[in-house]
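Shown next: data-v9.cif, given as mmCIF, C-alpha atoms.
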data_coords
loop_
_atom_site.label_atom_id
_atom_site.label_comp_id
_atom_site.auth_asym_id
_atom_site.auth_seq_id
_atom_site.Cartn_x
_atom_site.Cartn_y
_atom_site.Cartn_z
CA PRO A 1 20.80 -10.32 23.33
CA GLY A 2 21.26 -8.88 26.81
CA ALA A 3 18.69 -7.04 28.86
CA LEU A 4 17.61 -3.64 27.59
CA ARG A 5 19.44 -0.98 29.61
CA LEU A 6 17.32 2.10 30.22
CA ASP A 7 18.74 5.55 30.73
CA GLY A 8 17.31 8.91 31.61
CA ARG A 9 13.65 9.00 30.63
CA ASP A 10 13.73 5.90 28.40
CA ALA A 11 11.32 4.08 30.72
CA LEU A 12 8.76 6.84 30.32
CA ALA A 13 9.13 6.65 26.55
CA LEU A 14 8.15 2.98 26.68
CA VAL A 15 4.84 3.72 28.38
CA ASN A 16 4.04 7.10 26.84
CA GLY A 17 1.26 6.53 24.34
CA THR A 18 2.64 9.17 21.99
CA SER A 19 5.95 7.34 21.67
CA VAL A 20 4.40 4.01 20.72
CA THR A 21 1.88 5.79 18.48
CA THR A 22 4.66 7.48 16.57
CA ALA A 23 6.69 4.27 16.34
CA ALA A 24 3.76 2.22 15.03
CA THR A 25 2.76 4.96 12.59
CA ALA A 26 6.32 5.19 11.29
CA LEU A 27 6.53 1.42 10.75
CA ALA A 28 3.13 1.37 9.05
CA LEU A 29 4.15 4.31 6.86
CA SER A 30 7.30 2.51 5.74
CA SER A 31 5.30 -0.57 4.78
CA VAL A 32 2.53 1.34 3.01
CA ARG A 33 5.08 3.41 1.09
CA ALA A 34 6.73 0.22 -0.16
CA SER A 35 3.33 -1.15 -1.19
CA HIS A 36 2.43 2.14 -2.87
CA ARG A 37 5.53 1.88 -5.05
CA ALA A 38 4.72 -1.77 -5.70
CA VAL A 39 1.16 -1.05 -6.84
CA ALA A 40 2.47 1.62 -9.23
CA ASP A 41 5.04 -0.84 -10.59
CA LEU A 42 2.50 -3.62 -10.94
CA THR A 43 0.07 -1.29 -12.68
CA CYS A 44 2.76 -0.67 -15.29
CA LEU A 45 3.36 -4.40 -15.66
CA LEU A 46 -0.39 -4.92 -16.07
CA VAL A 47 -0.51 -2.26 -18.79
CA ASP A 48 2.37 -3.90 -20.65
CA VAL A 49 1.17 -7.50 -20.32
CA LEU A 50 -2.30 -6.53 -21.57
CA GLY A 51 -0.86 -4.37 -24.35
CA ALA A 52 -2.76 -1.30 -23.18
CA ASP A 53 -1.96 2.19 -24.44
CA PRO A 54 -0.01 4.23 -21.84
CA GLY A 55 -1.50 7.50 -23.13
CA PHE A 56 -3.32 8.00 -19.83
CA LEU A 57 0.13 8.91 -18.42
CA ASP A 58 0.83 11.69 -20.94
CA PRO A 59 2.70 14.45 -19.06
CA ARG A 60 0.52 17.19 -20.56
CA LEU A 61 -2.61 15.40 -19.39
CA ILE A 62 -1.25 14.82 -15.88
CA SER A 63 0.09 18.37 -15.62
CA ALA A 64 -3.38 19.72 -16.37
CA PHE A 65 -4.68 17.71 -13.39
CA GLY A 66 -2.68 20.03 -11.17
CA HIS A 67 -1.70 17.72 -8.29
CA ALA A 68 1.93 17.22 -7.31
CA GLY A 69 1.52 13.61 -6.24
CA ALA A 70 0.01 12.58 -9.56
CA THR A 71 2.78 14.38 -11.44
CA ALA A 72 5.45 12.50 -9.48
CA VAL A 73 3.77 9.09 -9.72
CA ALA A 74 3.03 9.42 -13.44
CA ALA A 75 6.64 10.35 -14.15
CA ASP A 76 7.84 7.19 -12.38
CA MET A 77 5.28 5.08 -14.25
CA ARG A 78 6.28 6.55 -17.62
CA ALA A 79 9.90 5.67 -16.87
CA LEU A 80 8.96 2.09 -16.03
CA LEU A 81 6.86 1.78 -19.19
CA ASP A 82 9.49 3.32 -21.45
CA GLY A 83 9.67 1.14 -24.56
CA THR A 84 6.24 -0.44 -24.25
CA ARG A 85 4.34 -1.04 -27.48
CA PRO A 86 0.52 -1.03 -27.35
CA SER A 87 -1.01 -4.10 -28.97
CA GLY A 88 -3.97 -2.24 -30.46
CA ALA A 89 -6.27 -4.94 -29.13
CA ARG A 90 -7.58 -2.95 -26.19
CA ALA A 91 -10.42 -0.43 -26.03
CA LEU A 92 -9.59 3.25 -26.44
CA GLN A 93 -10.49 3.95 -22.81
CA GLU A 94 -9.33 1.42 -20.22
CA PRO A 95 -11.29 0.74 -17.01
CA TYR A 96 -10.69 3.21 -14.21
CA SER A 97 -8.39 0.76 -12.41
CA ILE A 98 -5.89 1.39 -15.22
CA ARG A 99 -6.86 4.75 -16.72
CA CYS A 100 -7.26 6.59 -13.42
CA SER A 101 -4.37 4.88 -11.63
CA PRO A 102 -2.02 7.90 -11.69
CA GLN A 103 -4.73 10.09 -10.18
CA LEU A 104 -5.50 7.55 -7.44
CA LEU A 105 -1.86 6.73 -6.75
CA GLY A 106 -1.01 10.41 -6.92
CA ALA A 107 -3.62 11.30 -4.32
CA ALA A 108 -2.15 8.55 -2.15
CA GLU A 109 1.30 10.07 -2.65
CA ASP A 110 0.05 13.48 -1.53
CA ALA A 111 -1.48 11.89 1.57
CA LEU A 112 1.68 9.92 2.31
CA ARG A 113 3.71 13.12 2.14
CA TYR A 114 1.45 14.57 4.81
CA VAL A 115 2.05 11.51 6.99
CA ASP A 116 5.80 11.80 6.29
CA GLY A 117 5.73 15.30 7.76
CA VAL A 118 3.79 14.29 10.86
CA VAL A 119 6.08 11.34 11.59
CA ALA A 120 9.20 13.45 11.06
CA ALA A 121 7.88 16.14 13.41
CA ASP A 122 6.95 13.58 16.07
CA LEU A 123 10.30 11.80 15.87
CA GLY A 124 12.09 15.12 16.25
CA GLY A 125 9.79 16.51 18.94
CA VAL A 126 9.52 16.08 22.70
CA SER A 127 6.37 14.51 24.13
CA ASP A 128 7.28 14.33 27.82
CA ASN A 129 5.48 16.22 30.58
CA PRO A 130 6.56 18.29 32.33
CA LEU A 131 9.44 19.82 30.38
CA PHE A 132 12.42 21.37 32.12
CA PHE A 133 14.14 24.50 30.86
CA PRO A 134 16.99 25.10 33.33
CA GLY A 135 18.25 28.17 31.50
CA ASP A 136 14.92 29.86 32.14
CA ASP A 137 14.38 28.28 35.58
CA LEU A 138 11.12 26.89 34.19
CA VAL A 139 9.20 23.67 34.73
CA ALA A 140 6.48 23.72 32.06
CA HIS A 141 3.39 21.55 32.51
CA GLY A 142 1.41 20.99 29.33
CA GLY A 143 0.12 18.52 26.80
CA ASN A 144 2.93 17.63 24.38
CA PHE A 145 2.08 13.99 25.06
CA PHE A 146 -1.25 14.48 23.29
CA GLY A 147 -0.77 12.47 20.10
CA GLN A 148 -3.47 14.04 17.94
CA PRO A 149 -1.16 14.67 14.96
CA ALA A 150 -0.13 11.01 14.80
CA ALA A 151 -3.74 9.91 15.35
CA PHE A 152 -4.91 11.90 12.34
CA ALA A 153 -1.92 10.70 10.31
CA ALA A 154 -2.54 7.05 11.16
CA ASP A 155 -6.20 7.38 10.17
CA VAL A 156 -5.19 8.96 6.86
CA LEU A 157 -2.71 6.13 6.37
CA ALA A 158 -5.50 3.61 6.91
CA MET A 159 -7.60 5.30 4.23
CA VAL A 160 -4.65 5.22 1.83
CA THR A 161 -4.20 1.53 2.61
CA ALA A 162 -7.84 0.83 1.79
CA SER A 163 -7.70 2.67 -1.53
CA LEU A 164 -4.45 1.04 -2.61
CA GLY A 165 -5.73 -2.38 -1.60
CA ASN A 166 -8.95 -1.84 -3.49
CA LEU A 167 -7.01 -0.84 -6.61
CA ALA A 168 -4.81 -3.94 -6.46
CA GLU A 169 -7.82 -6.21 -5.95
CA ARG A 170 -9.72 -4.63 -8.85
CA GLN A 171 -6.70 -5.00 -11.13
CA LEU A 172 -6.39 -8.68 -10.26
CA ASP A 173 -10.12 -9.10 -10.85
CA LEU A 174 -9.70 -7.55 -14.31
CA LEU A 175 -6.73 -9.80 -15.03
CA VAL A 176 -8.53 -13.07 -14.24
CA ASP A 177 -11.71 -12.16 -16.18
CA PRO A 178 -11.68 -13.42 -19.81
CA ALA A 179 -14.23 -10.75 -20.74
CA ARG A 180 -11.71 -8.02 -19.86
CA ASN A 181 -8.23 -9.53 -20.03
CA THR A 182 -7.93 -9.69 -23.85
CA GLY A 183 -8.69 -13.39 -24.14
CA LEU A 184 -6.67 -14.98 -21.36
CA PRO A 185 -8.30 -18.05 -19.73
CA PRO A 186 -10.68 -17.60 -16.80
CA MET A 187 -8.87 -17.33 -13.48
CA LEU A 188 -5.64 -17.63 -15.49
CA ALA A 189 -5.95 -21.40 -15.22
CA ALA A 190 -3.44 -23.33 -17.30
CA GLY A 191 -6.11 -26.00 -17.82
CA PRO A 192 -9.45 -24.19 -17.88
CA GLY A 193 -12.23 -26.43 -16.59
CA GLN A 194 -9.69 -28.76 -15.01
CA GLN A 195 -7.72 -26.35 -12.84
CA HIS A 196 -8.63 -23.46 -10.57
CA GLY A 197 -5.65 -21.26 -11.41
CA LEU A 198 -5.82 -18.05 -9.35
CA GLN A 199 -9.37 -18.60 -8.10
CA GLY A 200 -8.39 -19.12 -4.47
CA VAL A 201 -6.05 -16.12 -4.53
CA GLN A 202 -8.71 -13.88 -6.06
CA LEU A 203 -11.25 -14.96 -3.44
CA ALA A 204 -8.73 -14.21 -0.70
CA THR A 205 -8.07 -10.72 -2.06
CA THR A 206 -11.74 -9.84 -1.73
CA ALA A 207 -11.61 -10.98 1.89
CA PHE A 208 -8.49 -8.87 2.51
CA VAL A 209 -10.19 -5.78 1.09
CA ALA A 210 -13.31 -6.43 3.17
CA GLU A 211 -11.16 -6.76 6.30
CA ILE A 212 -9.33 -3.51 5.56
CA ARG A 213 -12.59 -1.67 4.91
CA ARG A 214 -14.05 -2.97 8.16
CA ASN A 215 -11.15 -1.44 10.08
CA VAL A 216 -10.84 1.94 8.38
CA LEU A 217 -13.35 3.78 10.60
CA PRO A 218 -11.29 6.70 12.00
CA ALA A 219 -10.09 6.02 15.53
CA SER A 220 -9.17 9.67 16.09
CA THR A 221 -12.85 10.64 16.26
CA GLN A 222 -13.72 8.17 19.02
CA SER A 223 -12.70 10.24 22.06
CA LEU A 224 -14.29 9.19 25.39
CA PRO A 225 -13.61 10.86 28.76
CA THR A 226 -11.71 8.88 31.38
CA ASN A 227 -9.55 9.28 34.50
CA LEU A 228 -12.22 11.21 36.45
CA HIS A 229 -12.53 13.58 33.50
CA ASN A 230 -8.92 14.69 33.78
CA GLN A 231 -8.50 13.01 30.39
CA ASP A 232 -11.77 14.35 29.05
CA VAL A 233 -10.56 14.38 25.43
CA VAL A 234 -8.15 11.77 24.09
CA PRO A 235 -6.73 11.25 20.58
CA PHE A 236 -6.95 7.42 20.39
CA GLY A 237 -3.75 7.57 18.38
CA THR A 238 -2.30 4.30 19.61
CA GLN A 239 -5.36 2.39 18.46
CA ALA A 240 -5.22 4.17 15.11
CA ALA A 241 -1.53 3.44 14.63
CA LEU A 242 -1.58 -0.22 15.69
CA ARG A 243 -4.66 -0.83 13.55
CA THR A 244 -2.96 0.72 10.52
CA TYR A 245 0.20 -1.29 11.15
CA ASP A 246 -1.88 -4.49 10.88
CA LEU A 247 -3.68 -3.28 7.75
CA ALA A 248 -0.35 -2.54 6.08
CA GLU A 249 0.43 -6.25 6.14
CA LEU A 250 -2.84 -7.06 4.36
CA LEU A 251 -1.89 -4.52 1.70
CA ARG A 252 1.42 -6.34 1.22
CA LEU A 253 -0.51 -9.57 0.61
CA LEU A 254 -2.69 -7.81 -1.95
CA CYS A 255 0.45 -6.65 -3.76
CA GLY A 256 1.78 -10.20 -3.72
CA SER A 257 -1.51 -11.54 -5.05
CA LEU A 258 -1.52 -9.13 -8.01
CA ALA A 259 2.14 -9.88 -8.71
CA LEU A 260 1.44 -13.61 -8.72
CA GLY A 261 -1.45 -13.04 -11.12
CA LEU A 262 0.75 -11.12 -13.55
CA ARG A 263 3.41 -13.81 -13.43
CA GLN A 264 0.75 -16.44 -14.18
CA ALA A 265 -0.87 -14.33 -16.92
CA VAL A 266 2.27 -14.49 -19.04
CA HIS A 267 2.45 -18.26 -18.53
CA VAL A 268 -1.08 -18.77 -19.87
CA GLY A 269 -0.80 -16.60 -22.97
CA GLY A 270 -0.24 -13.03 -21.91
CA ARG A 271 2.48 -11.31 -23.85
CA ARG A 272 5.98 -10.83 -22.49
CA PRO A 273 6.40 -7.17 -21.49
CA THR A 274 7.88 -4.97 -24.19
CA ALA A 275 9.26 -2.31 -21.80
CA PRO A 276 12.68 -3.47 -20.50
CA ARG A 277 12.04 -2.51 -16.88
CA CYS A 278 8.65 -4.23 -16.88
CA ALA A 279 10.33 -7.32 -18.33
CA ALA A 280 12.89 -7.17 -15.51
CA LEU A 281 10.10 -7.12 -12.94
CA LEU A 282 8.41 -10.09 -14.56
CA ASP A 283 11.69 -12.02 -14.71
CA ALA A 284 12.34 -11.37 -11.02
CA LEU A 285 8.96 -12.88 -10.21
CA ALA A 286 9.44 -15.81 -12.60
CA ASP A 287 12.85 -16.57 -11.06
CA VAL A 288 11.29 -17.35 -7.66
CA ILE A 289 7.74 -18.45 -8.53
CA GLU A 290 6.89 -21.46 -10.68
CA PRO A 291 3.81 -21.29 -12.94
CA VAL A 292 0.59 -22.47 -11.32
CA ASP A 293 0.38 -25.63 -13.40
CA PRO A 294 -1.03 -27.84 -11.95
CA ASP A 295 -2.92 -26.28 -9.03
CA ARG A 296 -1.14 -26.02 -5.67
CA PRO A 297 -1.46 -24.02 -2.43
CA LEU A 298 -0.38 -20.47 -3.20
CA ASP A 299 -0.03 -18.77 0.18
CA VAL A 300 3.76 -19.09 0.18
CA ASP A 301 3.97 -17.82 -3.40
CA VAL A 302 1.88 -14.76 -2.54
CA ARG A 303 4.27 -13.89 0.29
CA ILE A 304 7.34 -14.44 -1.90
CA ALA A 305 5.84 -12.24 -4.60
CA ALA A 306 5.07 -9.57 -2.00
CA ASP A 307 8.71 -9.58 -0.88
CA VAL A 308 9.92 -9.17 -4.45
CA VAL A 309 7.68 -6.26 -5.36
CA THR A 310 7.62 -4.34 -2.07
CA GLY A 311 11.37 -4.77 -1.68
CA ARG A 312 11.99 -3.91 -5.34
CA GLN A 313 14.17 -6.99 -5.68
CA TRP A 314 14.55 -6.55 -9.42
#
Let me see the file written as structure tokens.
Amino acid sequence: PGALRLDGRDALALVNGTSVTTAATALALSSVRASHRAVADLTCLLVDVLGADPGFLDPRLISAFGHAGATAVAADMRALLDGTRPSGARALQEPYSIRCSPQLLGAAEDALRYVDGVVAADLGGVSDNPLFFPGDDLVAHGGNFFGQPAAFAADVLAMVTASLGNLAERQLDLLVDPARNTGLPPMLAAGPGQQHGLQGVQLATTAFVAEIRRNVLPASTQSLPTNLHNQDVVPFGTQAALRTYDLAELLRLLCGSLALGLRQAVHVGGRRPTAPRCAALLDALADVIEPVDPDRPLDVDVRIAADVVTGRQW
């Protein structure tokens, strides 16, 4: 492609911290939203493969919770699980990573809606300084470049990323544990004692979660004076946004890891999903990922699985 041709105040936009903060936050938001949908979808597939009872999604129960995000997420999950038949082999009350998933995912949805609003306002707003109002013969000097809204939004997005990543990791941990996965082999190994199965993937997911947690400290609270105290308070939004953009990619890998585990679970004895849409998700994964039998490097498979589930290629 040819050289980028700048016009008007485009050059300023490229160096204005608010512009890059908004851009990075918007890209991170898009990625985290895709992963949020993927975690909800994979939670449904987990419920179906394990034969769990979807009663924790009952609309009367969720309505009594009183949060709009949970209501929306639970409705989508009920639609995905339509037609599922509980096996009767699970405990009455599932672990929190299943039973409380609509509340957790719903809270994430509420937070993402807040970030949606901030990004939309920033993309539609003007962050230059000064601003010129010829009709009023006014040159207004102010602080519209001060990216505090995006800084807060990016920090919230990082917290959402951490919670979603933790949920996906805990669900994979449940799935590979024979004490909790309704009798599937440890680490979902096709040859227990001879193969490692998903052991390497599960170890990697714990490292991903640890890395996300290490980077979730809010950047927007770290203001330090600079520029001879002209800039005596600063939002640190660019750091917050770029950090969250990086964390969003780790969340994608966590989604891919859980998806790979669910594909493998059916290969080693887990039941085929009884809900048609869950079965379609499983088939989409099985079409592009071979069973882990025998062991092989799985980094490519995790990324392929992440593409399938975050892109809803099913």
Handout entry: Counting only C-alpha atoms, the option among A:Val73, A:Leu285, A:Ala151, A:Ala168 closest to Ser223 (chain A)
Key = A:Ala151
Handout entry: Chain and number of each residue from the PyMOL selection byres ((chain A and resi 220) around 12), as number ranges by chain
Key = A: 21, 146-156, 158, 216-219, 221-224, 233-241, 243
Within 12 Å of Gly125 (chain A), counting all atoms listed in the file, which residues show up once you throw out same-chain ones fewer than 3 positions away? Write them as a PDB file with C-alpha atoms, in the coordinates of the input, please.
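Saved result, result_34.pdb, follows:
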ATOM      1  CA  THR A  18       2.640   9.170  21.990  1.00  0.00           C
ATOM      2  CA  SER A  19       5.950   7.340  21.670  1.00  0.00           C
ATOM      3  CA  THR A  22       4.660   7.480  16.570  1.00  0.00           C
ATOM      4  CA  GLY A 117       5.730  15.300   7.760  1.00  0.00           C
ATOM      5  CA  VAL A 118       3.790  14.290  10.860  1.00  0.00           C
ATOM      6  CA  VAL A 119       6.080  11.340  11.590  1.00  0.00           C
ATOM      7  CA  ALA A 120       9.200  13.450  11.060  1.00  0.00           C
ATOM      8  CA  ALA A 121       7.880  16.140  13.410  1.00  0.00           C
ATOM      9  CA  ASP A 122       6.950  13.580  16.070  1.00  0.00           C
ATOM     10  CA  ASP A 128       7.280  14.330  27.820  1.00  0.00           C
ATOM     11  CA  LEU A 131       9.440  19.820  30.380  1.00  0.00           C
ATOM     12  CA  ASN A 144       2.930  17.630  24.380  1.00  0.00           C
ATOM     13  CA  PHE A 145       2.080  13.990  25.060  1.00  0.00           C
ATOM     14  CA  GLY A 147      -0.770  12.470  20.100  1.00  0.00           C
ATOM     15  CA  PRO A 149      -1.160  14.670  14.960  1.00  0.00           C
TER      16      PRO A 149
END
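Nearest residue to Thr161 (chain A), choosing from A:Ala280, A:Ala28, A:Val176, A:Ala70 and counting only C-alpha atoms: A:Ala28.
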Exercise for the section: Would you please work out which residue, of A:Asp177, A:Ala34, A:Ser97, A:Met77, is nearest to Asp307 (chain A) when using only C-alpha atoms? Expected result: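 For Asp307 (chain A), the nearest of the candidates is A:Ala34.
Restricting the calculation to all atoms listed in the file, the smallest distance between Arg170 (chain A) and any of A:Thr43, A:Gln103, A:Ser35, A:Gln264 is found for A:Thr43.
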Handout entry: Residue nearest Val288 (chain A) - candidates A:Ala89, A:Ala275, A:Ala3, A:Ala306, atoms counted: all atoms listed in the file
Key =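 Once distances to Val288 (chain A) are computed over all atoms listed in the file, the minimum belongs to A:Ala306.
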Since fewer atoms than expected are present, regenerate all heavy atoms for region 210-221 of chain A and write them as a short mmCIF file (atom, residue, chain, number, x, y, z; two decimals), in the coordinates of the input.
data_model
loop_
_atom_site.label_atom_id
_atom_site.label_comp_id
_atom_site.auth_asym_id
_atom_site.auth_seq_id
_atom_site.Cartn_x
_atom_site.Cartn_y
_atom_site.Cartn_z
N ALA A 210 -12.20 -6.56 2.22
CA ALA A 210 -13.31 -6.43 3.17
C ALA A 210 -12.80 -6.21 4.59
O ALA A 210 -13.34 -5.40 5.35
CB ALA A 210 -14.20 -7.67 3.11
N GLU A 211 -11.73 -6.92 4.97
CA GLU A 211 -11.16 -6.76 6.30
C GLU A 211 -10.57 -5.37 6.48
O GLU A 211 -10.73 -4.74 7.54
CB GLU A 211 -10.09 -7.83 6.54
CG GLU A 211 -9.41 -7.77 7.90
CD GLU A 211 -10.34 -8.12 9.05
OE1 GLU A 211 -11.47 -8.58 8.81
OE2 GLU A 211 -9.92 -7.94 10.21
N ILE A 212 -9.89 -4.86 5.47
CA ILE A 212 -9.33 -3.51 5.56
C ILE A 212 -10.46 -2.50 5.69
O ILE A 212 -10.42 -1.62 6.56
CB ILE A 212 -8.47 -3.19 4.32
CG1 ILE A 212 -7.20 -4.06 4.32
CG2 ILE A 212 -8.08 -1.71 4.30
CD1 ILE A 212 -6.37 -3.93 3.05
N ARG A 213 -11.46 -2.62 4.86
CA ARG A 213 -12.59 -1.67 4.91
C ARG A 213 -13.26 -1.67 6.28
O ARG A 213 -13.65 -0.63 6.81
CB ARG A 213 -13.61 -2.01 3.83
CG ARG A 213 -13.16 -1.70 2.42
CD ARG A 213 -14.24 -2.11 1.44
NE ARG A 213 -13.87 -1.82 0.07
CZ ARG A 213 -14.60 -2.14 -0.99
NH1 ARG A 213 -15.75 -2.79 -0.81
NH2 ARG A 213 -14.19 -1.84 -2.20
N ARG A 214 -13.37 -2.83 6.86
CA ARG A 214 -14.05 -2.97 8.16
C ARG A 214 -13.29 -2.24 9.26
O ARG A 214 -13.87 -1.85 10.27
CB ARG A 214 -14.17 -4.45 8.51
CG ARG A 214 -15.10 -4.77 9.66
CD ARG A 214 -15.30 -6.27 9.81
NE ARG A 214 -14.07 -6.96 10.12
CZ ARG A 214 -13.58 -7.08 11.35
NH1 ARG A 214 -14.22 -6.54 12.37
NH2 ARG A 214 -12.46 -7.74 11.56
N ASN A 215 -11.99 -2.02 9.04
CA ASN A 215 -11.15 -1.44 10.08
C ASN A 215 -10.71 -0.01 9.78
O ASN A 215 -9.83 0.51 10.47
CB ASN A 215 -9.91 -2.31 10.28
CG ASN A 215 -10.22 -3.58 11.05
OD1 ASN A 215 -10.34 -3.56 12.27
ND2 ASN A 215 -10.36 -4.68 10.34
N VAL A 216 -11.29 0.62 8.78
CA VAL A 216 -10.84 1.94 8.38
C VAL A 216 -11.60 3.06 9.10
O VAL A 216 -11.21 4.21 9.01
CB VAL A 216 -10.92 2.10 6.84
CG1 VAL A 216 -10.72 3.51 6.38
CG2 VAL A 216 -9.87 1.22 6.19
N LEU A 217 -12.64 2.74 9.85
CA LEU A 217 -13.35 3.78 10.60
C LEU A 217 -12.34 4.57 11.42
O LEU A 217 -11.56 4.00 12.18
CB LEU A 217 -14.37 3.15 11.53
CG LEU A 217 -15.16 4.13 12.42
CD1 LEU A 217 -16.11 4.95 11.57
CD2 LEU A 217 -15.90 3.38 13.52
N PRO A 218 -12.30 5.92 11.29
CA PRO A 218 -11.29 6.70 12.00
C PRO A 218 -11.33 6.48 13.51
O PRO A 218 -12.39 6.58 14.13
CB PRO A 218 -11.65 8.14 11.64
CG PRO A 218 -12.37 8.04 10.33
CD PRO A 218 -13.13 6.75 10.39
N ALA A 219 -10.19 6.16 14.08
CA ALA A 219 -10.09 6.02 15.53
C ALA A 219 -9.98 7.38 16.20
O ALA A 219 -10.40 7.55 17.36
CB ALA A 219 -8.89 5.15 15.89
N SER A 220 -9.43 8.36 15.49
CA SER A 220 -9.17 9.67 16.09
C SER A 220 -10.44 10.45 16.41
O SER A 220 -10.38 11.48 17.08
CB SER A 220 -8.28 10.50 15.17
OG SER A 220 -8.90 10.69 13.91
N THR A 221 -11.58 9.97 15.97
CA THR A 221 -12.85 10.64 16.26
C THR A 221 -13.61 9.98 17.41
O THR A 221 -14.74 10.36 17.71
CB THR A 221 -13.77 10.65 15.02
OG1 THR A 221 -14.05 9.29 14.65
CG2 THR A 221 -13.10 11.36 13.85
#
